[in-house]
$ cat model_23.cif   # mmCIF, N, CA and C atoms
data_input
#
loop_
_atom_site.label_atom_id
_atom_site.label_comp_id
_atom_site.auth_asym_id
_atom_site.auth_seq_id
_atom_site.Cartn_x
_atom_site.Cartn_y
_atom_site.Cartn_z
N MET A 368 0.86 -1.17 0.00
CA MET A 368 0.00 0.00 0.00
C MET A 368 0.90 1.23 0.00
N SER A 369 0.56 2.19 -0.84
CA SER A 369 1.40 3.39 -0.92
C SER A 369 1.12 4.28 0.28
N SER A 370 2.00 5.20 0.47
CA SER A 370 1.87 6.14 1.58
C SER A 370 0.58 6.96 1.47
N THR A 371 0.19 7.35 0.25
CA THR A 371 -1.04 8.12 0.04
C THR A 371 -2.26 7.27 0.35
N GLN A 372 -2.26 6.01 -0.09
CA GLN A 372 -3.39 5.12 0.19
C GLN A 372 -3.50 4.85 1.69
N GLU A 373 -2.37 4.67 2.35
CA GLU A 373 -2.37 4.44 3.79
C GLU A 373 -2.93 5.65 4.53
N HIS A 374 -2.54 6.85 4.10
CA HIS A 374 -3.03 8.10 4.71
C HIS A 374 -4.55 8.21 4.54
N ARG A 375 -5.06 7.92 3.33
CA ARG A 375 -6.52 7.98 3.08
C ARG A 375 -7.26 6.96 3.93
N SER A 376 -6.69 5.77 4.05
CA SER A 376 -7.31 4.73 4.85
C SER A 376 -7.41 5.15 6.31
N LEU A 377 -6.35 5.76 6.82
CA LEU A 377 -6.36 6.24 8.21
C LEU A 377 -7.40 7.33 8.40
N LEU A 378 -7.46 8.27 7.45
CA LEU A 378 -8.46 9.35 7.55
C LEU A 378 -9.87 8.77 7.50
N GLY A 379 -10.10 7.79 6.64
CA GLY A 379 -11.42 7.17 6.56
C GLY A 379 -11.81 6.50 7.86
N ARG A 380 -10.88 5.79 8.48
CA ARG A 380 -11.17 5.14 9.76
C ARG A 380 -11.43 6.17 10.86
N ARG A 381 -10.65 7.24 10.88
CA ARG A 381 -10.84 8.30 11.89
C ARG A 381 -12.22 8.94 11.74
N THR A 382 -12.62 9.18 10.50
CA THR A 382 -13.93 9.78 10.26
C THR A 382 -15.04 8.88 10.76
N VAL A 383 -14.94 7.59 10.47
CA VAL A 383 -15.96 6.63 10.93
C VAL A 383 -15.98 6.58 12.45
N VAL A 384 -14.83 6.49 13.09
CA VAL A 384 -14.76 6.43 14.55
C VAL A 384 -15.34 7.70 15.17
N ALA A 385 -15.01 8.86 14.61
CA ALA A 385 -15.54 10.12 15.14
C ALA A 385 -17.06 10.18 14.97
N ALA A 386 -17.57 9.74 13.84
CA ALA A 386 -19.02 9.77 13.61
C ALA A 386 -19.75 8.84 14.57
N VAL A 387 -19.20 7.64 14.79
CA VAL A 387 -19.81 6.69 15.73
C VAL A 387 -19.80 7.28 17.14
N GLY A 388 -18.69 7.90 17.52
CA GLY A 388 -18.60 8.52 18.85
C GLY A 388 -19.61 9.63 19.02
N ALA A 389 -19.76 10.47 17.99
CA ALA A 389 -20.72 11.58 18.08
C ALA A 389 -22.14 11.05 18.17
N ALA A 390 -22.46 10.01 17.40
CA ALA A 390 -23.81 9.43 17.46
C ALA A 390 -24.08 8.84 18.84
N GLY A 391 -23.08 8.18 19.43
CA GLY A 391 -23.24 7.62 20.79
C GLY A 391 -23.46 8.71 21.81
N ALA A 392 -22.72 9.81 21.71
CA ALA A 392 -22.90 10.92 22.65
C ALA A 392 -24.28 11.53 22.51
N ALA A 393 -24.74 11.69 21.27
CA ALA A 393 -26.07 12.25 21.06
C ALA A 393 -27.15 11.35 21.65
N ALA A 394 -26.99 10.04 21.49
CA ALA A 394 -27.96 9.10 22.05
C ALA A 394 -27.97 9.17 23.57
N ALA A 395 -26.79 9.27 24.17
CA ALA A 395 -26.71 9.35 25.63
C ALA A 395 -27.36 10.63 26.14
N LEU A 396 -27.13 11.74 25.48
CA LEU A 396 -27.73 13.00 25.91
C LEU A 396 -29.24 12.97 25.75
N THR A 397 -29.73 12.36 24.68
CA THR A 397 -31.17 12.24 24.48
C THR A 397 -31.79 11.41 25.59
N ALA A 398 -31.15 10.33 25.99
CA ALA A 398 -31.67 9.46 27.05
C ALA A 398 -31.74 10.19 28.37
N CYS A 399 -30.85 11.12 28.63
CA CYS A 399 -30.83 11.85 29.90
C CYS A 399 -31.72 13.07 29.88
N GLY A 400 -32.31 13.39 28.74
CA GLY A 400 -33.07 14.62 28.59
C GLY A 400 -34.36 14.65 29.37
N GLY A 401 -34.94 13.52 29.70
CA GLY A 401 -36.17 13.52 30.50
C GLY A 401 -37.43 13.73 29.68
N GLY A 402 -37.37 13.75 28.38
CA GLY A 402 -38.58 13.85 27.58
C GLY A 402 -38.96 15.28 27.30
N SER A 403 -40.14 15.45 26.77
CA SER A 403 -40.61 16.77 26.39
C SER A 403 -41.11 17.52 27.61
N ASP A 404 -41.29 18.82 27.41
CA ASP A 404 -41.77 19.65 28.51
C ASP A 404 -43.25 19.44 28.75
N ASP A 405 -43.97 18.87 27.79
CA ASP A 405 -45.40 18.67 27.91
C ASP A 405 -45.67 17.23 28.32
N ALA A 406 -45.78 17.00 29.62
CA ALA A 406 -45.94 15.64 30.12
C ALA A 406 -47.39 15.18 30.13
N GLY A 407 -48.32 16.08 30.00
CA GLY A 407 -49.73 15.71 30.03
C GLY A 407 -50.18 15.42 31.45
N GLY A 408 -51.46 15.30 31.65
CA GLY A 408 -51.99 14.99 32.97
C GLY A 408 -52.25 16.24 33.78
N SER A 409 -53.00 16.09 34.84
CA SER A 409 -53.40 17.21 35.67
C SER A 409 -52.22 17.80 36.41
N GLY A 410 -52.05 19.11 36.28
CA GLY A 410 -51.04 19.82 37.04
C GLY A 410 -49.62 19.64 36.54
N THR A 411 -49.43 19.06 35.36
CA THR A 411 -48.08 18.84 34.90
C THR A 411 -47.71 19.65 33.67
N VAL A 412 -48.66 20.15 32.94
CA VAL A 412 -48.37 20.89 31.73
C VAL A 412 -48.15 22.35 32.08
N GLU A 413 -47.08 22.91 31.54
CA GLU A 413 -46.79 24.32 31.81
C GLU A 413 -47.89 25.19 31.24
N GLN A 414 -48.44 26.03 32.07
CA GLN A 414 -49.43 26.99 31.65
C GLN A 414 -48.77 28.36 31.70
N PRO A 415 -48.52 28.98 30.57
CA PRO A 415 -47.82 30.25 30.62
C PRO A 415 -48.67 31.32 31.27
N GLY A 416 -48.02 32.16 32.05
CA GLY A 416 -48.69 33.30 32.64
C GLY A 416 -48.79 34.38 31.58
N SER A 417 -49.02 35.61 31.99
CA SER A 417 -49.11 36.69 31.03
C SER A 417 -47.75 36.99 30.44
N GLY A 418 -46.67 36.48 31.10
CA GLY A 418 -45.33 36.71 30.60
C GLY A 418 -44.84 38.10 30.92
N GLY A 419 -45.69 38.92 31.54
CA GLY A 419 -45.30 40.29 31.85
C GLY A 419 -44.20 40.34 32.88
N GLU A 420 -43.37 41.31 32.77
CA GLU A 420 -42.29 41.48 33.73
C GLU A 420 -42.65 42.63 34.66
N LYS A 421 -42.26 42.50 35.88
CA LYS A 421 -42.42 43.52 36.89
C LYS A 421 -41.22 43.38 37.79
N GLN A 422 -41.09 44.20 38.78
CA GLN A 422 -39.94 44.09 39.66
C GLN A 422 -39.79 42.68 40.21
N GLY A 423 -40.90 41.99 40.44
CA GLY A 423 -40.86 40.65 41.02
C GLY A 423 -40.49 39.56 40.04
N GLY A 424 -40.43 39.82 38.75
CA GLY A 424 -40.09 38.79 37.78
C GLY A 424 -41.29 38.34 36.98
N ALA A 425 -41.09 37.26 36.23
CA ALA A 425 -42.11 36.76 35.32
C ALA A 425 -43.32 36.22 36.07
N VAL A 426 -44.51 36.50 35.54
CA VAL A 426 -45.72 35.90 36.08
C VAL A 426 -45.74 34.44 35.64
N LEU A 427 -45.86 33.55 36.61
CA LEU A 427 -45.91 32.13 36.30
C LEU A 427 -47.33 31.65 36.09
N ALA A 428 -48.23 32.04 36.99
CA ALA A 428 -49.60 31.54 36.94
C ALA A 428 -50.48 32.37 37.84
N ALA A 429 -51.77 32.15 37.71
CA ALA A 429 -52.73 32.68 38.67
C ALA A 429 -52.81 31.70 39.83
N THR A 430 -53.10 32.20 41.00
CA THR A 430 -53.18 31.31 42.17
C THR A 430 -54.22 30.21 41.95
N ALA A 431 -55.30 30.52 41.23
CA ALA A 431 -56.34 29.53 40.97
C ALA A 431 -55.86 28.39 40.06
N ASP A 432 -54.75 28.60 39.34
CA ASP A 432 -54.22 27.57 38.44
C ASP A 432 -53.47 26.47 39.19
N ILE A 433 -53.05 26.73 40.42
CA ILE A 433 -52.26 25.77 41.18
C ILE A 433 -53.21 24.98 42.09
N PRO A 434 -53.40 23.69 41.82
CA PRO A 434 -54.36 22.92 42.62
C PRO A 434 -53.88 22.69 44.05
N GLU A 435 -54.83 22.71 44.99
CA GLU A 435 -54.50 22.40 46.39
C GLU A 435 -54.00 20.96 46.48
N GLY A 436 -52.89 20.77 47.19
CA GLY A 436 -52.30 19.44 47.32
C GLY A 436 -51.50 19.02 46.10
N GLY A 437 -51.46 19.88 45.10
CA GLY A 437 -50.74 19.58 43.86
C GLY A 437 -49.85 20.74 43.48
N GLY A 438 -49.63 20.89 42.20
CA GLY A 438 -48.79 21.96 41.72
C GLY A 438 -48.64 21.90 40.23
N MET A 439 -47.75 22.75 39.72
CA MET A 439 -47.47 22.81 38.29
C MET A 439 -45.97 23.00 38.08
N VAL A 440 -45.49 22.38 37.00
CA VAL A 440 -44.09 22.52 36.61
C VAL A 440 -44.02 23.55 35.50
N PHE A 441 -43.13 24.52 35.65
CA PHE A 441 -42.90 25.56 34.65
C PHE A 441 -41.51 25.31 34.06
N ALA A 442 -41.48 24.46 33.04
CA ALA A 442 -40.21 23.99 32.48
C ALA A 442 -39.33 25.12 31.98
N ALA A 443 -39.90 26.13 31.36
CA ALA A 443 -39.11 27.22 30.82
C ALA A 443 -38.36 27.99 31.92
N HIS A 444 -38.89 27.97 33.11
CA HIS A 444 -38.27 28.67 34.24
C HIS A 444 -37.57 27.71 35.20
N LYS A 445 -37.66 26.40 34.91
CA LYS A 445 -37.05 25.36 35.73
C LYS A 445 -37.50 25.47 37.19
N VAL A 446 -38.81 25.64 37.36
CA VAL A 446 -39.39 25.78 38.69
C VAL A 446 -40.69 24.99 38.76
N VAL A 447 -40.96 24.46 39.96
CA VAL A 447 -42.23 23.81 40.23
C VAL A 447 -42.88 24.59 41.37
N VAL A 448 -44.15 24.94 41.20
CA VAL A 448 -44.90 25.68 42.21
C VAL A 448 -45.96 24.75 42.77
N THR A 449 -46.06 24.69 44.09
CA THR A 449 -47.03 23.83 44.75
C THR A 449 -47.93 24.64 45.67
N GLN A 450 -49.06 24.03 46.03
CA GLN A 450 -49.97 24.62 47.03
C GLN A 450 -50.29 23.52 48.04
N PRO A 451 -49.38 23.33 49.02
CA PRO A 451 -49.58 22.24 49.98
C PRO A 451 -50.83 22.41 50.85
N LYS A 452 -51.15 23.65 51.20
CA LYS A 452 -52.35 23.97 51.99
C LYS A 452 -53.06 25.11 51.28
N PRO A 453 -54.35 25.25 51.48
CA PRO A 453 -55.07 26.34 50.82
C PRO A 453 -54.41 27.70 51.08
N GLY A 454 -54.06 28.40 49.99
CA GLY A 454 -53.47 29.74 50.10
C GLY A 454 -51.98 29.76 50.40
N GLU A 455 -51.34 28.60 50.55
CA GLU A 455 -49.90 28.52 50.83
C GLU A 455 -49.20 28.03 49.57
N PHE A 456 -48.31 28.84 49.01
CA PHE A 456 -47.62 28.49 47.77
C PHE A 456 -46.13 28.35 48.03
N LYS A 457 -45.56 27.30 47.48
CA LYS A 457 -44.13 27.02 47.62
C LYS A 457 -43.55 26.85 46.23
N ALA A 458 -42.26 27.09 46.10
CA ALA A 458 -41.60 26.88 44.81
C ALA A 458 -40.24 26.23 45.04
N PHE A 459 -39.90 25.34 44.11
CA PHE A 459 -38.64 24.60 44.17
C PHE A 459 -38.06 24.49 42.77
N SER A 460 -36.79 24.21 42.70
CA SER A 460 -36.18 23.90 41.42
C SER A 460 -36.87 22.66 40.87
N SER A 461 -37.11 22.64 39.57
CA SER A 461 -37.74 21.46 38.98
C SER A 461 -36.70 20.44 38.50
N THR A 462 -35.44 20.66 38.84
CA THR A 462 -34.38 19.74 38.46
C THR A 462 -34.15 18.74 39.58
N CYS A 463 -34.40 17.46 39.29
CA CYS A 463 -34.24 16.41 40.30
C CYS A 463 -32.79 16.36 40.78
N THR A 464 -32.63 16.19 42.07
CA THR A 464 -31.29 16.17 42.67
C THR A 464 -30.59 14.84 42.49
N HIS A 465 -31.26 13.85 41.90
CA HIS A 465 -30.62 12.55 41.67
C HIS A 465 -29.69 12.62 40.46
N GLN A 466 -30.25 12.86 39.27
CA GLN A 466 -29.42 12.91 38.07
C GLN A 466 -29.78 14.06 37.14
N GLY A 467 -30.50 15.04 37.66
CA GLY A 467 -30.76 16.24 36.88
C GLY A 467 -31.91 16.20 35.91
N CYS A 468 -32.75 15.19 35.96
CA CYS A 468 -33.94 15.15 35.11
C CYS A 468 -34.94 16.19 35.61
N ALA A 469 -35.87 16.58 34.76
CA ALA A 469 -36.91 17.51 35.16
C ALA A 469 -38.07 16.75 35.79
N VAL A 470 -38.53 17.21 36.97
CA VAL A 470 -39.71 16.61 37.58
C VAL A 470 -40.89 16.93 36.68
N LYS A 471 -41.91 16.08 36.70
CA LYS A 471 -43.03 16.26 35.77
C LYS A 471 -44.40 16.28 36.41
N ASP A 472 -44.57 15.65 37.57
CA ASP A 472 -45.91 15.49 38.12
C ASP A 472 -45.95 15.96 39.56
N VAL A 473 -47.04 16.63 39.90
CA VAL A 473 -47.27 17.04 41.29
C VAL A 473 -48.72 16.70 41.61
N SER A 474 -48.90 15.77 42.55
CA SER A 474 -50.25 15.42 42.98
C SER A 474 -50.20 14.78 44.36
N ALA A 475 -51.28 14.90 45.08
CA ALA A 475 -51.42 14.31 46.41
C ALA A 475 -50.24 14.66 47.31
N GLY A 476 -49.76 15.89 47.21
CA GLY A 476 -48.68 16.35 48.09
C GLY A 476 -47.30 15.83 47.72
N THR A 477 -47.15 15.26 46.52
CA THR A 477 -45.89 14.66 46.12
C THR A 477 -45.45 15.15 44.74
N ILE A 478 -44.18 15.53 44.64
CA ILE A 478 -43.55 15.89 43.37
C ILE A 478 -42.80 14.65 42.90
N THR A 479 -43.01 14.25 41.64
CA THR A 479 -42.42 13.02 41.14
C THR A 479 -41.52 13.28 39.94
N CYS A 480 -40.35 12.65 39.95
CA CYS A 480 -39.43 12.68 38.82
C CYS A 480 -39.65 11.41 38.00
N PRO A 481 -39.91 11.55 36.70
CA PRO A 481 -40.21 10.37 35.89
C PRO A 481 -39.00 9.50 35.55
N CYS A 482 -37.80 10.02 35.68
CA CYS A 482 -36.62 9.26 35.24
C CYS A 482 -36.36 8.02 36.10
N HIS A 483 -36.36 8.19 37.41
CA HIS A 483 -36.07 7.06 38.30
C HIS A 483 -37.05 6.99 39.46
N ASN A 484 -38.19 7.71 39.33
CA ASN A 484 -39.27 7.70 40.32
C ASN A 484 -38.89 8.23 41.68
N SER A 485 -37.97 9.18 41.73
CA SER A 485 -37.73 9.87 42.99
C SER A 485 -38.96 10.71 43.31
N THR A 486 -39.29 10.82 44.60
CA THR A 486 -40.42 11.62 45.02
C THR A 486 -39.98 12.62 46.08
N PHE A 487 -40.68 13.76 46.10
CA PHE A 487 -40.34 14.85 47.01
C PHE A 487 -41.61 15.39 47.64
N ASP A 488 -41.51 15.85 48.88
CA ASP A 488 -42.63 16.46 49.59
C ASP A 488 -42.94 17.81 48.95
N ALA A 489 -44.19 18.03 48.57
CA ALA A 489 -44.59 19.26 47.90
C ALA A 489 -44.56 20.48 48.82
N ALA A 490 -44.52 20.26 50.13
CA ALA A 490 -44.47 21.38 51.08
C ALA A 490 -43.04 21.80 51.42
N THR A 491 -42.10 20.84 51.36
CA THR A 491 -40.73 21.13 51.80
C THR A 491 -39.67 20.89 50.74
N GLY A 492 -39.99 20.11 49.72
CA GLY A 492 -39.00 19.74 48.71
C GLY A 492 -38.12 18.59 49.15
N SER A 493 -38.32 18.08 50.36
CA SER A 493 -37.49 16.98 50.88
C SER A 493 -37.81 15.68 50.17
N PRO A 494 -36.78 14.84 49.95
CA PRO A 494 -37.04 13.57 49.29
C PRO A 494 -37.88 12.65 50.18
N THR A 495 -38.86 11.99 49.56
CA THR A 495 -39.70 11.03 50.28
C THR A 495 -39.53 9.62 49.74
N GLY A 496 -38.84 9.51 48.61
CA GLY A 496 -38.56 8.21 48.01
C GLY A 496 -37.39 8.32 47.06
N GLY A 497 -36.50 7.32 47.11
CA GLY A 497 -35.27 7.37 46.34
C GLY A 497 -35.48 7.06 44.88
N PRO A 498 -34.38 7.21 44.19
CA PRO A 498 -32.99 7.26 44.64
C PRO A 498 -32.49 8.64 45.08
N ALA A 499 -33.21 9.72 44.85
CA ALA A 499 -32.74 11.04 45.29
C ALA A 499 -32.63 11.08 46.81
N THR A 500 -31.54 11.69 47.30
CA THR A 500 -31.34 11.82 48.75
C THR A 500 -31.27 13.28 49.19
N GLN A 501 -31.18 14.21 48.25
CA GLN A 501 -31.11 15.63 48.57
C GLN A 501 -32.42 16.31 48.21
N PRO A 502 -32.83 17.33 48.97
CA PRO A 502 -34.08 18.03 48.67
C PRO A 502 -33.97 18.88 47.41
N LEU A 503 -35.12 19.19 46.83
CA LEU A 503 -35.15 20.15 45.73
C LEU A 503 -34.86 21.53 46.32
N PRO A 504 -33.95 22.29 45.75
CA PRO A 504 -33.68 23.63 46.29
C PRO A 504 -34.90 24.54 46.17
N ALA A 505 -35.14 25.32 47.22
CA ALA A 505 -36.26 26.26 47.22
C ALA A 505 -35.99 27.37 46.22
N ARG A 506 -37.05 27.87 45.60
CA ARG A 506 -36.97 29.02 44.70
C ARG A 506 -37.86 30.11 45.28
N GLU A 507 -37.48 31.34 45.07
CA GLU A 507 -38.24 32.47 45.59
C GLU A 507 -39.37 32.86 44.63
N ILE A 508 -40.58 32.97 45.19
CA ILE A 508 -41.73 33.47 44.44
C ILE A 508 -42.42 34.52 45.29
N THR A 509 -43.24 35.32 44.64
CA THR A 509 -44.09 36.26 45.37
C THR A 509 -45.52 36.06 44.88
N VAL A 510 -46.46 36.23 45.79
CA VAL A 510 -47.87 36.17 45.44
C VAL A 510 -48.41 37.58 45.59
N GLU A 511 -48.83 38.15 44.47
CA GLU A 511 -49.37 39.52 44.44
C GLU A 511 -50.80 39.43 43.93
N GLY A 512 -51.75 39.63 44.79
CA GLY A 512 -53.15 39.46 44.41
C GLY A 512 -53.39 38.03 44.03
N ASP A 513 -53.78 37.79 42.78
CA ASP A 513 -53.99 36.40 42.35
C ASP A 513 -52.89 35.93 41.39
N SER A 514 -51.76 36.63 41.37
CA SER A 514 -50.65 36.25 40.50
C SER A 514 -49.48 35.71 41.28
N ILE A 515 -48.85 34.67 40.73
CA ILE A 515 -47.64 34.10 41.31
C ILE A 515 -46.50 34.47 40.37
N ARG A 516 -45.47 35.13 40.93
CA ARG A 516 -44.33 35.60 40.16
C ARG A 516 -43.04 35.01 40.70
N LEU A 517 -42.08 34.85 39.81
CA LEU A 517 -40.72 34.57 40.27
C LEU A 517 -40.22 35.81 40.99
N ALA A 518 -39.51 35.61 42.08
CA ALA A 518 -38.98 36.75 42.84
C ALA A 518 -37.69 37.24 42.24
#
$ encode --input "model_23.cif" --output "structure tokens"
Amino acid sequence: MSSTQEHRSLLGRRTVVAAVGAAGAAAALTACGGGSDDAGGSGTVEQPGSGGEKQGGAVLAATADIPEGGGMVFAAHKVVVTQPKPGEFKAFSSTCTHQGCAVKDVSAGTITCPCHNSTFDAATGSPTGGPATQPLPAREITVEGDSIRLA
């Protein structure tokens, strides 16, 4: 084999190896993505607020939109808002502390991550079922009249 043919053969193999590696990385990232932002079901689909900005930040929802004992995930803001008791609103990061998937469901006082079924208390963000062992970090919100805003 000539030196030129050997060089082309090496370049061809490198290209194939690089393409296979890139495809594998893309597949791995897709698997860790946690799915679409629209999970369906009660209290899980992001309902955009008016989007208006004020000193307090973006409007996430009206207080009436957050079910008692449940909540809503706002994927664009990476926050989950809950109403553990009537008139009491809490907010947490929607990123699961186990492997970084987005939580998707809030019902019966429990926030659930679909990736590995970690569960968190909707009032405190504390883990109630593994594999997550760390709580969801609290996020600041303000309730102004019937609007819930990021702080």
$ closest_residue --input "model_23.cif" --among "A:Gln501, A:Thr495, A:Gln450, A:Thr464" --to "A:Cys482" --atoms "only C-alpha atoms"
A:Thr464
$ residues_around --input "model_23.cif" --residues "A:Gly512" --least-positions-apart "3" --cutoff "8 Å" --atoms "all atoms listed in the file" --output "VMD selection string"
chain A and resid 429 to 430 509 515
$ resolve_selection --input "model_23.cif" --expression "the PyMOL selection byres (((chain A and resi 478 and name CA) around 9) and name CA)" --output "list in words"
Gly437, Gly438, Val447, Thr449, Val470, Lys471, Asp472, Val473, Ser474, Ala475, Gly476, Thr477, Thr479, Cys480, Ser485, Thr486, Phe487, Asp488, Ala489 and Gly492 of chain A
$ atom_distance --input "model_23.cif" --atom1 "atom C of A:Ala499" --atom2 "atom N of A:Ser461"
14.4 Å
$ closest_residue --input "model_23.cif" --among "A:Phe441, A:Leu503, A:Pro494, A:Ala428" --to "A:Cys463" --atoms "all atoms listed in the file"
A:Leu503
$ atom_distance --input "model_23.cif" --atom1 "atom CA of A:Pro451" --atom2 "atom CA of A:Ala518"
19.3 Å
$ closest_residue --input "model_23.cif" --among "A:Cys468, A:Val440, A:Ala431, A:Val448" --to "A:Ser514" --atoms "all atoms listed in the file"
A:Ala431
$ atom_distance --input "model_23.cif" --atom1 "atom C of A:Ala458" --atom2 "atom C of A:Pro481"
19.3 Å
$ resolve_selection --input "model_23.cif" --expression "the PyMOL selection byres (((chain A and resi 498 and name CA) around 8) and name CA)" --output "compact mmCIF listing (two decimals) with N, CA and C atoms, in the frame of the given file"
# COMPACT_ATOMS: atom_id res chain seq x y z
N HIS A 465 -31.26 13.85 41.90
CA HIS A 465 -30.62 12.55 41.67
C HIS A 465 -29.69 12.62 40.46
N HIS A 483 -36.36 8.19 37.41
CA HIS A 483 -36.07 7.06 38.30
C HIS A 483 -37.05 6.99 39.46
N ASN A 484 -38.19 7.71 39.33
CA ASN A 484 -39.27 7.70 40.32
C ASN A 484 -38.89 8.23 41.68
N SER A 485 -37.97 9.18 41.73
CA SER A 485 -37.73 9.87 42.99
C SER A 485 -38.96 10.71 43.31
N GLY A 496 -38.84 9.51 48.61
CA GLY A 496 -38.56 8.21 48.01
C GLY A 496 -37.39 8.32 47.06
N GLY A 497 -36.50 7.32 47.11
CA GLY A 497 -35.27 7.37 46.34
C GLY A 497 -35.48 7.06 44.88
N ALA A 499 -33.21 9.72 44.85
CA ALA A 499 -32.74 11.04 45.29
C ALA A 499 -32.63 11.08 46.81
N THR A 500 -31.54 11.69 47.30
CA THR A 500 -31.34 11.82 48.75
C THR A 500 -31.27 13.28 49.19
$ resolve_selection --input "model_23.cif" --expression "the PyMOL selection byres (((chain A and resi 517 and name CA) around 8) and name CA)" --output "list of chain:residue names"
A:Gly423, A:Gly424, A:Ala425, A:Val426, A:Leu427, A:Glu507, A:Ile508, A:Thr509, A:Ile515, A:Arg516, A:Ala518
$ closest_residue --input "model_23.cif" --among "A:Ala469, A:Ile433, A:Val446, A:Ala505" --to "A:Ala490" --atoms "only C-alpha atoms"
A:Ala505
$ build_atoms --input "model_23.cif" --residues "stretch 474-486 of chain A" --atoms "N, CA, C and O atoms" --output "PDB file, keeping the file's coordinate frame"
ATOM      1  N   SER A 474     -48.900  15.770  42.550  1.00  0.00           N
ATOM      2  CA  SER A 474     -50.250  15.420  42.980  1.00  0.00           C
ATOM      3  C   SER A 474     -50.200  14.780  44.360  1.00  0.00           C
ATOM      4  O   SER A 474     -49.175  14.210  44.738  1.00  0.00           O
ATOM      5  N   ALA A 475     -51.280  14.900  45.080  1.00  0.00           N
ATOM      6  CA  ALA A 475     -51.420  14.310  46.410  1.00  0.00           C
ATOM      7  C   ALA A 475     -50.240  14.660  47.310  1.00  0.00           C
ATOM      8  O   ALA A 475     -49.754  13.824  48.062  1.00  0.00           O
ATOM      9  N   GLY A 476     -49.760  15.890  47.210  1.00  0.00           N
ATOM     10  CA  GLY A 476     -48.680  16.350  48.090  1.00  0.00           C
ATOM     11  C   GLY A 476     -47.300  15.830  47.720  1.00  0.00           C
ATOM     12  O   GLY A 476     -46.368  15.960  48.503  1.00  0.00           O
ATOM     13  N   THR A 477     -47.150  15.260  46.520  1.00  0.00           N
ATOM     14  CA  THR A 477     -45.890  14.660  46.120  1.00  0.00           C
ATOM     15  C   THR A 477     -45.450  15.150  44.740  1.00  0.00           C
ATOM     16  O   THR A 477     -46.245  15.178  43.802  1.00  0.00           O
ATOM     17  N   ILE A 478     -44.180  15.530  44.640  1.00  0.00           N
ATOM     18  CA  ILE A 478     -43.550  15.890  43.370  1.00  0.00           C
ATOM     19  C   ILE A 478     -42.800  14.650  42.900  1.00  0.00           C
ATOM     20  O   ILE A 478     -42.043  14.060  43.674  1.00  0.00           O
ATOM     21  N   THR A 479     -43.010  14.250  41.640  1.00  0.00           N
ATOM     22  CA  THR A 479     -42.420  13.020  41.140  1.00  0.00           C
ATOM     23  C   THR A 479     -41.520  13.280  39.940  1.00  0.00           C
ATOM     24  O   THR A 479     -41.887  14.023  39.028  1.00  0.00           O
ATOM     25  N   CYS A 480     -40.350  12.650  39.950  1.00  0.00           N
ATOM     26  CA  CYS A 480     -39.430  12.680  38.820  1.00  0.00           C
ATOM     27  C   CYS A 480     -39.650  11.410  38.000  1.00  0.00           C
ATOM     28  O   CYS A 480     -39.581  10.308  38.546  1.00  0.00           O
ATOM     29  N   PRO A 481     -39.910  11.550  36.700  1.00  0.00           N
ATOM     30  CA  PRO A 481     -40.210  10.370  35.890  1.00  0.00           C
ATOM     31  C   PRO A 481     -39.000   9.500  35.550  1.00  0.00           C
ATOM     32  O   PRO A 481     -39.158   8.348  35.165  1.00  0.00           O
ATOM     33  N   CYS A 482     -37.800  10.020  35.680  1.00  0.00           N
ATOM     34  CA  CYS A 482     -36.620   9.260  35.240  1.00  0.00           C
ATOM     35  C   CYS A 482     -36.360   8.020  36.100  1.00  0.00           C
ATOM     36  O   CYS A 482     -36.130   6.946  35.577  1.00  0.00           O
ATOM     37  N   HIS A 483     -36.360   8.190  37.410  1.00  0.00           N
ATOM     38  CA  HIS A 483     -36.070   7.060  38.300  1.00  0.00           C
ATOM     39  C   HIS A 483     -37.050   6.990  39.460  1.00  0.00           C
ATOM     40  O   HIS A 483     -36.781   6.372  40.478  1.00  0.00           O
ATOM     41  N   ASN A 484     -38.190   7.710  39.330  1.00  0.00           N
ATOM     42  CA  ASN A 484     -39.270   7.700  40.320  1.00  0.00           C
ATOM     43  C   ASN A 484     -38.890   8.230  41.680  1.00  0.00           C
ATOM     44  O   ASN A 484     -39.441   7.806  42.691  1.00  0.00           O
ATOM     45  N   SER A 485     -37.970   9.180  41.730  1.00  0.00           N
ATOM     46  CA  SER A 485     -37.730   9.870  42.990  1.00  0.00           C
ATOM     47  C   SER A 485     -38.960  10.710  43.310  1.00  0.00           C
ATOM     48  O   SER A 485     -39.612  11.230  42.408  1.00  0.00           O
ATOM     49  N   THR A 486     -39.290  10.820  44.600  1.00  0.00           N
ATOM     50  CA  THR A 486     -40.420  11.620  45.020  1.00  0.00           C
ATOM     51  C   THR A 486     -39.980  12.620  46.080  1.00  0.00           C
ATOM     52  O   THR A 486     -39.039  12.369  46.834  1.00  0.00           O
TER      53      THR A 486
END
